[in-house]
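Data block for upload_21.csv (CSV, C-alpha atoms and all ligand atoms):
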chain,number,residue,atom,x,y,z
A,1,MET,CA,69.4,5.2,-15.4
A,2,SER,CA,67.9,6.0,-18.8
A,3,SER,CA,65.5,4.3,-21.2
A,4,GLY,CA,68.5,3.5,-23.4
A,5,PHE,CA,66.6,5.0,-26.3
A,6,ALA,CA,68.8,7.3,-28.3
A,7,PHE,CA,67.5,10.1,-30.5
A,8,PRO,CA,69.8,11.7,-33.0
A,9,GLU,CA,71.5,14.9,-31.8
A,10,GLY,CA,71.9,18.4,-33.3
A,11,ARG,CA,68.4,18.7,-34.7
A,12,ALA,CA,66.3,21.9,-34.7
A,13,LEU,CA,63.1,20.1,-33.9
A,14,ASP,CA,62.3,17.3,-31.5
A,15,PHE,CA,59.2,15.7,-33.1
A,16,VAL,CA,57.5,16.2,-36.5
A,17,SER,CA,54.2,14.4,-36.9
A,18,ILE,CA,52.3,13.3,-40.0
A,19,GLY,CA,48.6,12.6,-40.3
A,20,ARG,CA,45.3,14.1,-39.7
A,21,LEU,CA,44.4,17.5,-38.5
A,22,CYS,CA,40.7,17.5,-37.7
A,23,ILE,CA,37.9,18.9,-35.5
A,24,ASP,CA,36.5,17.3,-32.4
A,25,LEU,CA,32.9,18.3,-31.6
A,26,ASN,CA,32.5,17.2,-28.0
A,27,ALA,CA,29.0,16.9,-26.5
A,28,ASN,CA,28.3,19.6,-24.0
A,29,GLU,CA,25.4,17.7,-22.4
A,30,ILE,CA,27.3,14.8,-21.1
A,31,HIS,CA,26.0,11.5,-19.8
A,32,ARG,CA,23.3,11.2,-22.4
A,33,PRO,CA,23.2,9.5,-25.9
A,34,LEU,CA,24.0,11.4,-29.0
A,35,GLU,CA,20.4,11.6,-30.1
A,36,GLU,CA,19.7,13.7,-27.0
A,37,THR,CA,22.7,15.9,-27.4
A,38,VAL,CA,22.0,19.4,-28.5
A,39,THR,CA,25.2,21.4,-28.4
A,40,PHE,CA,28.9,20.6,-29.0
A,41,THR,CA,32.1,22.5,-28.4
A,42,ARG,CA,34.7,22.6,-31.1
A,43,TYR,CA,38.3,21.7,-30.5
A,44,LEU,CA,41.3,20.8,-32.6
A,45,GLY,CA,41.3,17.1,-33.0
A,46,GLY,CA,42.9,14.1,-34.8
A,47,SER,CA,45.0,11.8,-32.8
A,48,PRO,CA,48.4,12.9,-34.2
A,49,ALA,CA,47.4,16.5,-33.8
A,50,ASN,CA,46.5,15.8,-30.2
A,51,ILE,CA,49.9,14.1,-29.6
A,52,THR,CA,51.7,17.0,-31.1
A,53,VAL,CA,49.9,19.5,-29.0
A,54,ALA,CA,50.7,17.3,-25.9
A,55,LEU,CA,54.4,17.4,-26.8
A,56,ALA,CA,54.4,21.1,-27.6
A,57,ARG,CA,52.6,22.0,-24.3
A,58,LEU,CA,55.2,20.0,-22.4
A,59,GLY,CA,58.0,22.0,-24.0
A,60,ALA,CA,59.1,19.9,-27.0
A,61,LYS,CA,59.9,21.6,-30.3
A,62,THR,CA,57.4,20.2,-32.8
A,63,GLY,CA,56.2,20.5,-36.4
A,64,PHE,CA,53.4,18.9,-38.4
A,65,ILE,CA,53.1,17.6,-42.0
A,66,GLY,CA,49.5,17.5,-43.1
A,67,LYS,CA,46.7,18.8,-45.3
A,68,ILE,CA,43.8,21.0,-44.2
A,69,ALA,CA,40.6,22.1,-45.9
A,70,ASN,CA,40.6,25.6,-47.4
A,71,ASP,CA,37.8,26.8,-45.1
A,72,GLY,CA,37.1,28.2,-41.7
A,73,PHE,CA,37.9,24.9,-39.9
A,74,GLY,CA,41.2,24.6,-41.8
A,75,ARG,CA,42.1,28.2,-40.9
A,76,PHE,CA,41.2,27.5,-37.2
A,77,ILE,CA,43.4,24.4,-37.2
A,78,ARG,CA,46.4,26.3,-38.7
A,79,ARG,CA,46.0,29.1,-36.2
A,80,TYR,CA,45.7,26.7,-33.3
A,81,LEU,CA,48.9,24.9,-34.2
A,82,GLU,CA,50.7,28.2,-34.7
A,83,GLU,CA,49.5,29.5,-31.3
A,84,THR,CA,50.7,26.3,-29.7
A,85,GLY,CA,54.2,26.8,-31.1
A,86,ILE,CA,54.0,24.0,-33.7
A,87,ASP,CA,55.8,24.5,-37.0
A,88,THR,CA,53.2,24.7,-39.8
A,89,THR,CA,55.5,25.2,-42.8
A,90,SER,CA,54.5,21.7,-44.0
A,91,VAL,CA,50.8,22.1,-43.4
A,92,VAL,CA,49.4,22.6,-46.8
A,93,ASP,CA,46.0,23.9,-48.0
A,94,ASP,CA,43.9,21.5,-50.0
A,95,ALA,CA,42.9,22.9,-53.4
A,96,THR,CA,40.3,20.2,-54.4
A,97,GLY,CA,37.4,21.2,-52.3
A,98,ALA,CA,38.0,18.5,-49.7
A,99,VAL,CA,36.6,19.0,-46.2
A,100,THR,CA,37.8,18.8,-42.6
A,101,GLY,CA,37.3,15.5,-40.8
A,102,LEU,CA,34.8,15.8,-37.9
A,103,ALA,CA,34.6,13.7,-34.8
A,104,PHE,CA,31.3,14.0,-32.9
A,105,THR,CA,31.7,12.6,-29.5
A,106,GLU,CA,29.1,10.9,-27.4
A,107,ILE,CA,29.7,10.9,-23.7
A,108,LYS,CA,27.1,8.6,-22.2
A,109,SER,CA,28.9,7.9,-19.0
A,110,PRO,CA,32.5,7.9,-17.6
A,111,THR,CA,33.0,4.4,-19.0
A,112,ASP,CA,30.8,4.5,-22.1
A,113,CYS,CA,31.9,7.0,-24.7
A,114,SER,CA,32.0,6.7,-28.5
A,115,ILE,CA,32.9,8.7,-31.5
A,116,LEU,CA,31.0,9.3,-34.7
A,117,MET,CA,33.4,10.3,-37.4
A,118,TYR,CA,32.5,12.2,-40.6
A,119,ARG,CA,35.4,11.4,-43.0
A,120,ASP,CA,34.1,11.4,-46.5
A,121,ASN,CA,36.4,13.4,-48.9
A,122,VAL,CA,38.6,14.6,-46.0
A,123,ALA,CA,41.6,16.8,-46.7
A,124,ASP,CA,44.0,14.9,-44.4
A,125,LEU,CA,43.9,11.8,-46.6
A,126,LYS,CA,44.8,13.9,-49.7
A,127,LEU,CA,48.3,14.6,-48.6
A,128,THR,CA,50.7,13.5,-51.4
A,129,PRO,CA,54.3,12.2,-51.3
A,130,GLY,CA,55.4,15.4,-53.1
A,131,GLU,CA,54.1,17.5,-50.2
A,132,VAL,CA,56.2,15.7,-47.6
A,133,SER,CA,59.2,17.8,-46.7
A,134,GLU,CA,62.4,15.7,-46.6
A,135,GLU,CA,64.1,18.8,-45.1
A,136,LEU,CA,61.7,19.0,-42.2
A,137,ILE,CA,62.0,15.3,-41.4
A,138,ALA,CA,65.8,15.6,-41.5
A,139,SER,CA,65.6,18.5,-39.1
A,140,ALA,CA,63.7,16.5,-36.4
A,141,LYS,CA,64.8,13.9,-33.9
A,142,ALA,CA,61.7,11.8,-34.5
A,143,LEU,CA,58.8,11.4,-36.9
A,144,VAL,CA,55.5,10.5,-35.3
A,145,VAL,CA,53.3,8.5,-37.7
A,146,SER,CA,49.6,7.9,-37.2
A,147,GLY,CA,48.3,4.6,-38.6
A,148,THR,CA,45.0,6.2,-39.8
A,149,ALA,CA,47.0,8.1,-42.4
A,150,LEU,CA,47.7,4.7,-44.1
A,151,ALA,CA,44.0,4.1,-44.7
A,152,ALA,CA,43.9,5.5,-48.2
A,153,SER,CA,46.0,6.9,-51.0
A,154,PRO,CA,47.6,9.3,-51.6
A,155,SER,CA,48.1,9.9,-47.8
A,156,ARG,CA,49.3,6.2,-47.5
A,157,GLU,CA,52.2,6.9,-50.0
A,158,ALA,CA,52.9,10.2,-48.3
A,159,VAL,CA,53.5,8.4,-45.0
A,160,PHE,CA,55.8,5.8,-46.5
A,161,ALA,CA,57.7,8.6,-48.2
A,162,ALA,CA,58.0,10.3,-44.8
A,163,ILE,CA,59.2,7.0,-43.2
A,164,GLY,CA,61.8,6.7,-46.1
A,165,TYR,CA,63.1,10.2,-45.4
A,166,ALA,CA,63.3,9.4,-41.7
A,167,ARG,CA,65.3,6.3,-42.3
A,168,LYS,CA,67.6,8.1,-44.7
A,169,HIS,CA,68.4,10.8,-42.2
A,170,GLY,CA,68.5,8.7,-39.0
A,171,THR,CA,65.3,10.3,-37.7
A,172,ALA,CA,63.6,7.9,-35.2
A,173,VAL,CA,60.2,6.6,-36.3
A,174,VAL,CA,57.4,6.5,-33.7
A,175,TYR,CA,54.3,4.7,-34.9
A,176,ASP,CA,50.9,5.0,-33.2
A,177,ILE,CA,48.7,2.3,-34.7
A,178,ASP,CA,45.7,4.6,-34.1
A,179,TYR,CA,43.1,2.3,-35.6
A,180,ARG,CA,39.8,4.0,-36.6
A,181,PRO,CA,37.5,1.4,-38.1
A,182,TYR,CA,35.5,3.8,-40.4
A,183,THR,CA,38.6,4.9,-42.4
A,184,TRP,CA,39.7,1.5,-43.8
A,185,ALA,CA,38.4,-0.4,-46.8
A,186,ASN,CA,39.0,-3.9,-45.5
A,187,ARG,CA,40.9,-6.1,-43.0
A,188,ASP,CA,43.6,-7.1,-45.5
A,189,GLU,CA,44.6,-3.5,-46.2
A,190,ILE,CA,44.8,-2.8,-42.4
A,191,HIS,CA,47.1,-5.7,-41.8
A,192,THR,CA,49.2,-5.1,-44.9
A,193,TYR,CA,49.9,-1.4,-44.5
A,194,CYS,CA,50.0,-1.2,-40.7
A,195,ALA,CA,52.4,-4.1,-40.5
A,196,LEU,CA,54.7,-2.5,-43.1
A,197,ALA,CA,54.8,0.7,-41.1
A,198,ALA,CA,55.4,-1.2,-37.8
A,199,GLU,CA,58.4,-3.0,-39.4
A,200,GLN,CA,60.0,0.4,-39.9
A,201,ALA,CA,59.2,1.9,-36.5
A,202,ASP,CA,61.6,2.4,-33.5
A,203,VAL,CA,58.8,2.9,-31.0
A,204,ILE,CA,55.2,1.5,-31.4
A,205,PHE,CA,52.1,2.4,-29.4
A,206,GLY,CA,48.9,0.4,-29.6
A,207,GLY,CA,46.1,-1.2,-27.7
A,208,ILE,CA,45.6,-5.0,-27.8
A,209,GLU,CA,43.0,-4.8,-30.5
A,210,GLU,CA,45.3,-2.6,-32.5
A,211,PHE,CA,48.2,-5.0,-32.2
A,212,SER,CA,45.9,-7.9,-33.2
A,213,LEU,CA,45.0,-6.1,-36.4
A,214,LEU,CA,48.6,-6.1,-37.4
A,215,GLU,CA,48.5,-9.9,-37.4
A,216,PRO,CA,47.3,-11.7,-40.6
A,217,LYS,CA,44.6,-13.8,-38.8
A,218,THR,CA,41.8,-12.2,-36.7
A,219,ASP,CA,40.5,-15.4,-35.1
A,220,ALA,CA,43.8,-16.5,-33.5
A,221,PRO,CA,44.0,-15.7,-29.7
A,222,PHE,CA,46.1,-12.6,-28.9
A,223,ASP,CA,49.6,-13.8,-27.9
A,224,GLU,CA,51.2,-10.7,-26.5
A,225,ALA,CA,54.6,-12.2,-26.0
A,226,ALA,CA,54.8,-13.4,-29.6
A,227,VAL,CA,53.4,-10.1,-31.0
A,228,VAL,CA,55.8,-8.0,-29.0
A,229,ALA,CA,58.7,-10.3,-30.0
A,230,ARG,CA,57.8,-9.9,-33.7
A,231,TRP,CA,58.1,-6.1,-33.6
A,232,LEU,CA,61.2,-6.1,-31.4
A,233,GLY,CA,62.6,-8.5,-34.0
A,234,HIS,CA,62.2,-5.9,-36.7
A,235,ARG,CA,63.4,-2.4,-35.7
A,236,ALA,CA,61.5,-1.5,-32.6
A,237,LYS,CA,63.4,-0.7,-29.5
A,238,LEU,CA,60.2,-0.1,-27.5
A,239,VAL,CA,56.7,-1.6,-27.9
A,240,VAL,CA,54.1,0.0,-25.7
A,241,VAL,CA,50.8,-1.9,-25.2
A,242,LYS,CA,48.1,0.4,-23.8
A,243,ARG,CA,45.4,-1.2,-21.6
A,244,GLY,CA,43.0,1.7,-20.8
A,245,GLY,CA,42.2,2.0,-17.1
A,246,ASP,CA,44.5,-1.0,-16.5
A,247,GLY,CA,47.6,1.0,-17.5
A,248,SER,CA,50.2,-0.1,-20.0
A,249,VAL,CA,53.1,-2.5,-20.5
A,250,ALA,CA,56.3,-1.2,-22.2
A,251,TYR,CA,58.6,-3.8,-23.7
A,252,ASP,CA,62.2,-3.0,-24.6
A,253,ALA,CA,64.7,-4.7,-26.9
A,254,ALA,CA,66.8,-5.7,-23.9
A,255,GLY,CA,64.0,-8.0,-22.7
A,256,GLY,CA,62.6,-5.6,-20.1
A,257,ALA,CA,58.8,-5.5,-19.5
A,258,PHE,CA,57.6,-2.5,-17.6
A,259,PRO,CA,54.1,-2.4,-16.2
A,260,GLY,CA,52.8,1.2,-16.1
A,261,ARG,CA,50.4,2.2,-13.4
A,262,THR,CA,47.4,4.6,-13.8
A,263,PHE,CA,46.3,7.5,-11.6
A,264,PRO,CA,42.5,7.1,-11.0
A,265,ALA,CA,40.6,10.1,-12.2
A,266,ASN,CA,37.2,11.7,-12.0
A,267,VAL,CA,36.5,10.7,-15.5
A,268,VAL,CA,34.5,13.0,-17.8
A,269,LYS,CA,35.2,10.9,-21.0
A,270,THR,CA,37.6,8.2,-21.9
A,271,PHE,CA,38.9,9.4,-25.3
A,272,GLY,CA,42.1,11.4,-25.4
A,273,ALA,CA,43.7,9.1,-22.9
A,274,GLY,CA,45.9,7.4,-25.6
A,275,ASP,CA,47.0,10.7,-27.2
A,276,SER,CA,47.9,12.4,-23.9
A,277,PHE,CA,49.7,9.2,-22.7
A,278,ALA,CA,51.7,8.9,-25.9
A,279,GLY,CA,52.6,12.6,-26.0
A,280,ALA,CA,53.8,12.7,-22.4
A,281,PHE,CA,55.6,9.3,-22.7
A,282,LEU,CA,57.5,10.6,-25.7
A,283,TYR,CA,58.4,13.8,-23.9
A,284,GLY,CA,59.9,11.6,-21.2
A,285,LEU,CA,61.8,9.5,-23.7
A,286,LEU,CA,63.2,12.8,-25.2
A,287,GLN,CA,64.5,13.7,-21.7
A,288,GLY,CA,66.3,10.4,-21.5
A,289,TRP,CA,64.2,9.2,-18.6
A,290,PRO,CA,63.8,5.5,-17.7
A,291,VAL,CA,60.7,3.8,-19.2
A,292,PRO,CA,58.7,3.6,-15.9
A,293,LYS,CA,59.1,7.4,-15.4
A,294,CYS,CA,57.9,7.9,-19.0
A,295,GLN,CA,54.9,5.7,-18.2
A,296,ASP,CA,54.1,7.7,-15.1
A,297,TYR,CA,54.3,11.0,-17.1
A,298,GLY,CA,52.0,9.5,-19.7
A,299,ALA,CA,49.5,8.2,-17.1
A,300,ALA,CA,49.5,11.5,-15.3
A,301,ALA,CA,48.8,13.4,-18.5
A,302,ALA,CA,46.0,10.9,-19.3
A,303,HIS,CA,44.6,11.4,-15.8
A,304,ILE,CA,44.3,15.2,-16.6
A,305,VAL,CA,42.8,14.7,-20.0
A,306,VAL,CA,40.2,12.1,-19.1
A,307,SER,CA,39.1,14.4,-16.3
A,308,SER,CA,38.5,17.2,-18.9
A,309,HIS,CA,36.0,18.0,-21.6
A,310,SER,CA,38.5,18.2,-24.5
A,311,CYS,CA,41.6,16.4,-25.7
A,312,SER,CA,43.7,19.1,-27.3
A,313,ASP,CA,42.8,22.0,-25.1
A,314,ALA,CA,43.3,19.9,-22.0
A,315,MET,CA,46.8,18.7,-22.9
A,316,PRO,CA,48.8,19.6,-19.8
A,317,THR,CA,52.0,21.6,-19.1
A,318,ARG,CA,54.9,20.0,-17.3
A,319,ALA,CA,53.9,21.8,-14.1
A,320,GLN,CA,50.4,20.3,-14.3
A,321,VAL,CA,51.7,16.8,-14.9
A,322,GLU,CA,54.1,17.2,-12.0
A,323,ASP,CA,51.3,18.4,-9.7
A,324,VAL,CA,49.4,15.1,-10.3
A,325,LEU,CA,52.5,13.1,-9.7
A,326,ARG,CA,53.3,15.1,-6.5
A,327,ASN,CA,49.8,14.6,-5.2
A,328,VAL,CA,50.1,10.8,-5.5
A,329,GLY,CA,53.6,10.7,-4.2
A,330,ALA,CA,55.1,9.7,-7.5
A,331,LEU,CA,57.3,12.7,-8.2
A,332,GLU,CA,61.0,12.0,-7.6
A,333,ALA,CA,62.8,14.7,-5.6
B,401,LIG,N1,39.9,5.8,-17.0
B,401,LIG,C1,41.2,6.1,-16.8
B,401,LIG,N2,41.7,6.7,-15.7
B,401,LIG,C2,43.0,7.0,-15.6
B,401,LIG,N3,43.9,6.8,-16.6
B,401,LIG,C3,43.5,6.2,-17.7
B,401,LIG,C4,42.1,5.9,-17.9
B,401,LIG,N4,42.0,5.3,-19.2
B,401,LIG,C5,43.2,5.4,-19.7
B,401,LIG,N5,44.1,5.9,-18.8
B,401,LIG,C6,45.6,6.1,-19.1
B,401,LIG,O1,45.8,6.4,-20.4
B,401,LIG,C7,46.6,5.3,-21.0
B,401,LIG,C8,46.1,5.1,-22.4
B,401,LIG,O2,44.8,4.7,-22.4
B,401,LIG,P1,44.1,3.8,-23.5
B,401,LIG,O3,42.6,3.9,-23.2
B,401,LIG,O4,44.6,2.4,-23.5
B,401,LIG,O5,44.4,4.5,-24.9
B,401,LIG,P2,43.5,4.8,-26.1
B,401,LIG,O6,42.7,6.0,-25.7
B,401,LIG,O7,44.4,5.0,-27.2
B,401,LIG,O8,42.6,3.6,-26.3
B,401,LIG,C9,46.5,4.2,-20.1
B,401,LIG,O9,47.7,3.3,-20.2
B,401,LIG,C10,46.4,4.8,-18.7
B,401,LIG,O10,47.6,5.2,-18.3
B,402,LIG,O1,41.6,11.1,-33.6
B,402,LIG,C1,40.5,11.7,-33.9
B,402,LIG,O2,40.2,12.0,-35.0
B,402,LIG,C2,39.6,12.0,-32.7
B,402,LIG,C3,40.4,12.6,-31.6
B,402,LIG,O3,40.6,13.9,-31.7
B,402,LIG,C4,39.6,12.2,-30.4
B,402,LIG,O4,39.5,13.1,-29.4
B,402,LIG,C5,40.1,10.9,-29.9
B,402,LIG,O5,39.5,9.9,-30.2
B,402,LIG,C6,41.3,10.7,-29.1
B,402,LIG,O6,41.8,9.4,-29.2
B,402,LIG,P1,42.5,8.6,-28.1
B,402,LIG,O7,43.5,9.4,-27.4
B,402,LIG,O8,43.1,7.4,-28.7
B,402,LIG,O9,41.4,8.1,-27.1

Rewrite the coordinates I just gave you, this time as C-alpha cells.
Ligand SMILES: Nc1ncnc2c1ncn2[C@@H]1O[C@H](COP(=O)(O)OP(=O)(O)O)[C@@H](O)[C@H]1O
Ligand SMILES: O=C(O)C[C@@H](O)[C@H](O)C(=O)COP(=O)(O)O
Amino acid sequence: MSSGFAFPEGRALDFVSIGRLCIDLNANEIHRPLEETVTFTRYLGGSPANITVALARLGAKTGFIGKIANDGFGRFIRRYLEETGIDTTSVVDDATGAVTGLAFTEIKSPTDCSILMYRDNVADLKLTPGEVSEELIASAKALVVSGTALAASPSREAVFAAIGYARKHGTAVVYDIDYRPYTWANRDEIHTYCALAAEQADVIFGGIEEFSLLEPKTDAPFDEAAVVARWLGHRAKLVVVKRGGDGSVAYDAAGGAFPGRTFPANVVKTFGAGDSFAGAFLYGLLQGWPVPKCQDYGAAAAHIVVSSHSCSDAMPTRAQVEDVLRNVGALEA
C-alpha cells in the first residue's frame, strides 16, 4: 500500500525549497528567561532551511532558492548547505547591504519556549522573481514553499513565480504555512497571500492557528472538516494538520483521515518539531510509503529534534529515525 501521492519521475533533484536562510541563536542556559540568558549557540535556521536539511540528511537530493547577506553569517549559511549536500546554485548573495535574519530562542521549560526574531532589512525577503531558476524547479520532483516568504515583496512575487514554474513543469508544490507573526504587515495580507499559495499546493502543512489564518474571518470557530475540505477542493491531495504533542491528522483526497501518533521525548525545547516532522514526512512520501508510515517517520524525527539543543544540526539520519521507531516497536520488519 502507498500514499497514492505521485511525484513526477526522471528528475535530478527530489526537493527544491524556497524561502529564508537564517541563523538560530539558541540559549545555552536553558530553563530560564531570555533576560537571564548569557550565551547562545549559533546554528543554521529558518524553517525551510531546516526542512531541507532534514530531507538531505535522510538521503533526499535537495536544492535551495534563496538570498543571503554578504557577510560572515551568509558565508556560514552557504557553507553549511554545501556541506549538507544541498545544491546552492540558486542561493544568491544580496548586494544591498541587507542582513541575516536572527532568531534568539528562549528555553524557559520543556513546554514554554519562545522565539525573538530580528527581521528588519533581511536578505531572505529581498529575493526577486528574476532570481528564481525555472531550470532548477523543472529539475525537481517537488518545490517546498515557506509561507513566511510571502510576507513581503519582492520575496512574495518570487514565490509566486516559483509556484508558476512548478505548475508549468509538473513539479509538485508543498506548502508549509509557517506563520511567523512578526513578519507580516496585517491580517488581510496573511489571509490573501497564504490562501493564494494554498490553492496552488499539492501538499499543505500547518497547525490549527495557521489554517485559521487562511480563512477570511478570525472570530469564526475553527471548523477543521470544512477547512480541510476547502483545500482538498482546490489542488491539495494531502492536508496535514499538526497538533504539537498531540500528534497530527493527515487528510487525503480520497476521504482518508489518518491520526499520527507521537513518541514522547525528553524535551529540551519545543521548536524544530514542525520542521523535522515535515522533512521526514516528505521523505516518506518520496519513498511512496503509506501516510501513517510517513507520520511515524515525521514524529520520530521530531522526537529526536525536541530532545536536542538545535534544529538543523539535530536533524536525524535514516538510521537514527529507525532506531527510535525500533525502540518503540514501530519499525516494520
Ligand atoms: N513535545 C513533543 N514530544 C514529541 N513529539 C512532538 C512534541 N511536539 C511536537 N511533536 C511532534 O512534532 C509534530 C509537529 O509538531 P508541532 O508542534 O505541531 O509543529 P510546529 O513546531 O510547526 O508548531 C507533531 O505532530 C508531533 O509528531
Ligand atoms: O524558522 C525560523 O526562522 C526559526 C527556526 O530556525 C526555529 O528553530 C524554529 O522556530 C523551528 O520552527 P518549528 O519547526 O516550526 O518549531

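Summary of the local environment: counting all atoms listed in the file, residues at most 6 Å from Lys242 of chain A, other than itself and those fewer than 4 positions away along its chain, are Gly206, Gly207 and Ser248 of chain A.
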
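For the pair atom CA of Phe222 of chain A and atom CA of Val305 of chain A, the interatomic distance is 28.9 Å.
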
(request) Rank A:Gly247, A:Gly85, A:Gly255, A:Gly10 by their smallest atom-to-atom distance to ligand LIG 401 (chain B), using only C-alpha atoms and all ligand atoms, and report the top residue only. (result) A:Gly247

(message) I need the residue nearest ligand LIG 402 (chain B) from this list: A:Gly101, A:Pro221, A:Gly256, A:Gly63. Use only C-alpha atoms and all ligand atoms for the distance.
(response)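 Answer, going by the shortest atom-to-atom distance: A:Gly101.
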
(message) Let me see if you get this right: every residue at most 9 Å from ligand LIG 401 (chain B), counting all atoms listed in the file, written as a PyMOL selection string.
(response) chain A and resi 47+110-111+176+178-179+205-208+241-249+260-267+269-278+295-307

(request) Might you pull out every residue within 8 Å of Val92 of chain A, with all atoms listed in the file counted and same-chain residues fewer than 3 positions away left off, and present them as a PyMOL selection string? (result) chain A and resi 65-68+89+131

Selected residues written out, C-alpha atoms, as a CSV table (one decimal), in the frame of the given file:
chain,number,residue,atom,x,y,z
A,65,ILE,CA,53.1,17.6,-42.0
A,66,GLY,CA,49.5,17.5,-43.1
A,67,LYS,CA,46.7,18.8,-45.3
A,68,ILE,CA,43.8,21.0,-44.2
A,89,THR,CA,55.5,25.2,-42.8
A,131,GLU,CA,54.1,17.5,-50.2

(request) Figure out the distance between atom CA of Ala254 of chain A and atom CA of Lys141 of chain A, please, to one decimal in Å. (result)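 Between atom CA of Lys141 of chain A and atom CA of Ala254 of chain A the gap is 22.1 Å.
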
(request) Go ahead and compute the interatomic distance for atom CA of Tyr165 of chain A and atom CA of Glu210 of chain A, in Å to one decimal. (result) 25.4 Å

(message) Taking only C-alpha atoms and all ligand atoms into account, name the residue in A:Ala220, A:Ala166, A:Leu116, A:Ile204 that is nearest to ligand LIG 402 (chain B).
(response) A:Leu116

Kindly provide, as lines of an AutoDock Vina configuration file, the centre and edge lengths (Å, one decimal) of an axis-aligned box around all atoms of segment 7-22 of chain A given in the file, with 8 Å on each side.
center_x = 56.3
center_y = 16.0
center_z = -35.4
size_x = 47.2
size_y = 27.8
size_z = 25.8

(message) Show me, as a list in words, the residues that have an atom within 9 Å of Phe73 of chain A when counting only C-alpha atoms, minus same-chain residues fewer than 2 positions from it.
(response)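 Here the answer would be Cys22, Ile23, Ile68, Ala69, Asn70, Asp71, Arg75, Phe76, Ile77, Arg78, Val99 and Thr100 of chain A.
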
(request) Tell me which of A:Ile115, A:Ile30, A:Val328, A:Leu13 sits closest to ligand LIG 402 (chain B), counting all atoms listed in the file. (result)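 Smallest distance to ligand LIG 402 (chain B) is found for A:Ile115.
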
(message) Neighbouring residues of Ala319 of chain A were defined as those with any atom within 10 Å, considering all atoms listed in the file; residues of the same chain fewer than 5 positions away were excluded. Please report them as an MDAnalysis selection string.
(response) chainID A and resid 58 324:325

Compute the distance from (45.3, 4.0, -41.6) to each atom, counting all atoms listed in the file, keep the residues with any atom at most 8 Å away, and return them as a PDB file with C-alpha atoms, keeping the file's coordinate frame; use the coordinates of the file.
ATOM      1  CA  SER A 146      49.600   7.900 -37.200  1.00  0.00           C
ATOM      2  CA  GLY A 147      48.300   4.600 -38.600  1.00  0.00           C
ATOM      3  CA  THR A 148      45.000   6.200 -39.800  1.00  0.00           C
ATOM      4  CA  ALA A 149      47.000   8.100 -42.400  1.00  0.00           C
ATOM      5  CA  LEU A 150      47.700   4.700 -44.100  1.00  0.00           C
ATOM      6  CA  ALA A 151      44.000   4.100 -44.700  1.00  0.00           C
ATOM      7  CA  ALA A 152      43.900   5.500 -48.200  1.00  0.00           C
ATOM      8  CA  ARG A 156      49.300   6.200 -47.500  1.00  0.00           C
ATOM      9  CA  ILE A 177      48.700   2.300 -34.700  1.00  0.00           C
ATOM     10  CA  ASP A 178      45.700   4.600 -34.100  1.00  0.00           C
ATOM     11  CA  TYR A 179      43.100   2.300 -35.600  1.00  0.00           C
ATOM     12  CA  ARG A 180      39.800   4.000 -36.600  1.00  0.00           C
ATOM     13  CA  THR A 183      38.600   4.900 -42.400  1.00  0.00           C
ATOM     14  CA  TRP A 184      39.700   1.500 -43.800  1.00  0.00           C
ATOM     15  CA  ILE A 190      44.800  -2.800 -42.400  1.00  0.00           C
ATOM     16  CA  TYR A 193      49.900  -1.400 -44.500  1.00  0.00           C
ATOM     17  CA  CYS A 194      50.000  -1.200 -40.700  1.00  0.00           C
TER      18      CYS A 194
END

(request) Determine, counting all atoms listed in the file, every residue of protein, DNA or RNA that lies within 10 Å of (46.2, 7.7, -53.1) in the file coordinates, then give the result as a PyMOL selection string. (result) chain A and resi 125-129+150-158

(request) Name the closest residue to ligand LIG 402 (chain B) among the candidates A:Cys113, A:Val228, A:Ala257, A:Leu285; distances are taken between atoms, counting all atoms listed in the file. (result)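 So, comparing all the options, the nearest one is A:Cys113.
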
Can we get segment 148-155 of chain A of that structure written down with N, CA, C and O atoms, as a short mmCIF file (atom, residue, chain, number, x, y, z; two decimals), in the first residue's frame?
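Generated file (selection_15.cif):
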data_model
loop_
_atom_site.label_atom_id
_atom_site.label_comp_id
_atom_site.auth_asym_id
_atom_site.auth_seq_id
_atom_site.Cartn_x
_atom_site.Cartn_y
_atom_site.Cartn_z
N THR A 148 6.24 32.14 5.14
CA THR A 148 6.83 33.40 5.60
C THR A 148 7.45 34.18 4.45
O THR A 148 7.52 35.41 4.49
N ALA A 149 7.86 33.50 3.41
CA ALA A 149 8.45 34.19 2.25
C ALA A 149 7.39 35.00 1.49
O ALA A 149 7.74 35.78 0.60
N LEU A 150 6.12 34.82 1.86
CA LEU A 150 5.04 35.60 1.22
C LEU A 150 4.76 36.90 1.96
O LEU A 150 3.90 37.68 1.57
N ALA A 151 5.49 37.13 3.04
CA ALA A 151 5.15 38.26 3.92
C ALA A 151 5.46 39.62 3.31
O ALA A 151 4.88 40.61 3.72
N ALA A 152 6.39 39.69 2.40
CA ALA A 152 6.76 41.00 1.83
C ALA A 152 7.29 40.84 0.42
O ALA A 152 7.76 39.77 0.03
N SER A 153 7.22 41.93 -0.32
CA SER A 153 7.79 41.97 -1.67
C SER A 153 9.27 42.36 -1.56
O SER A 153 9.64 43.07 -0.62
N PRO A 154 10.12 41.91 -2.48
CA PRO A 154 9.83 41.13 -3.69
C PRO A 154 9.82 39.62 -3.47
O PRO A 154 9.52 38.88 -4.40
N SER A 155 10.10 39.15 -2.24
CA SER A 155 10.11 37.71 -1.99
C SER A 155 8.76 37.07 -2.33
O SER A 155 8.67 35.96 -2.87
#
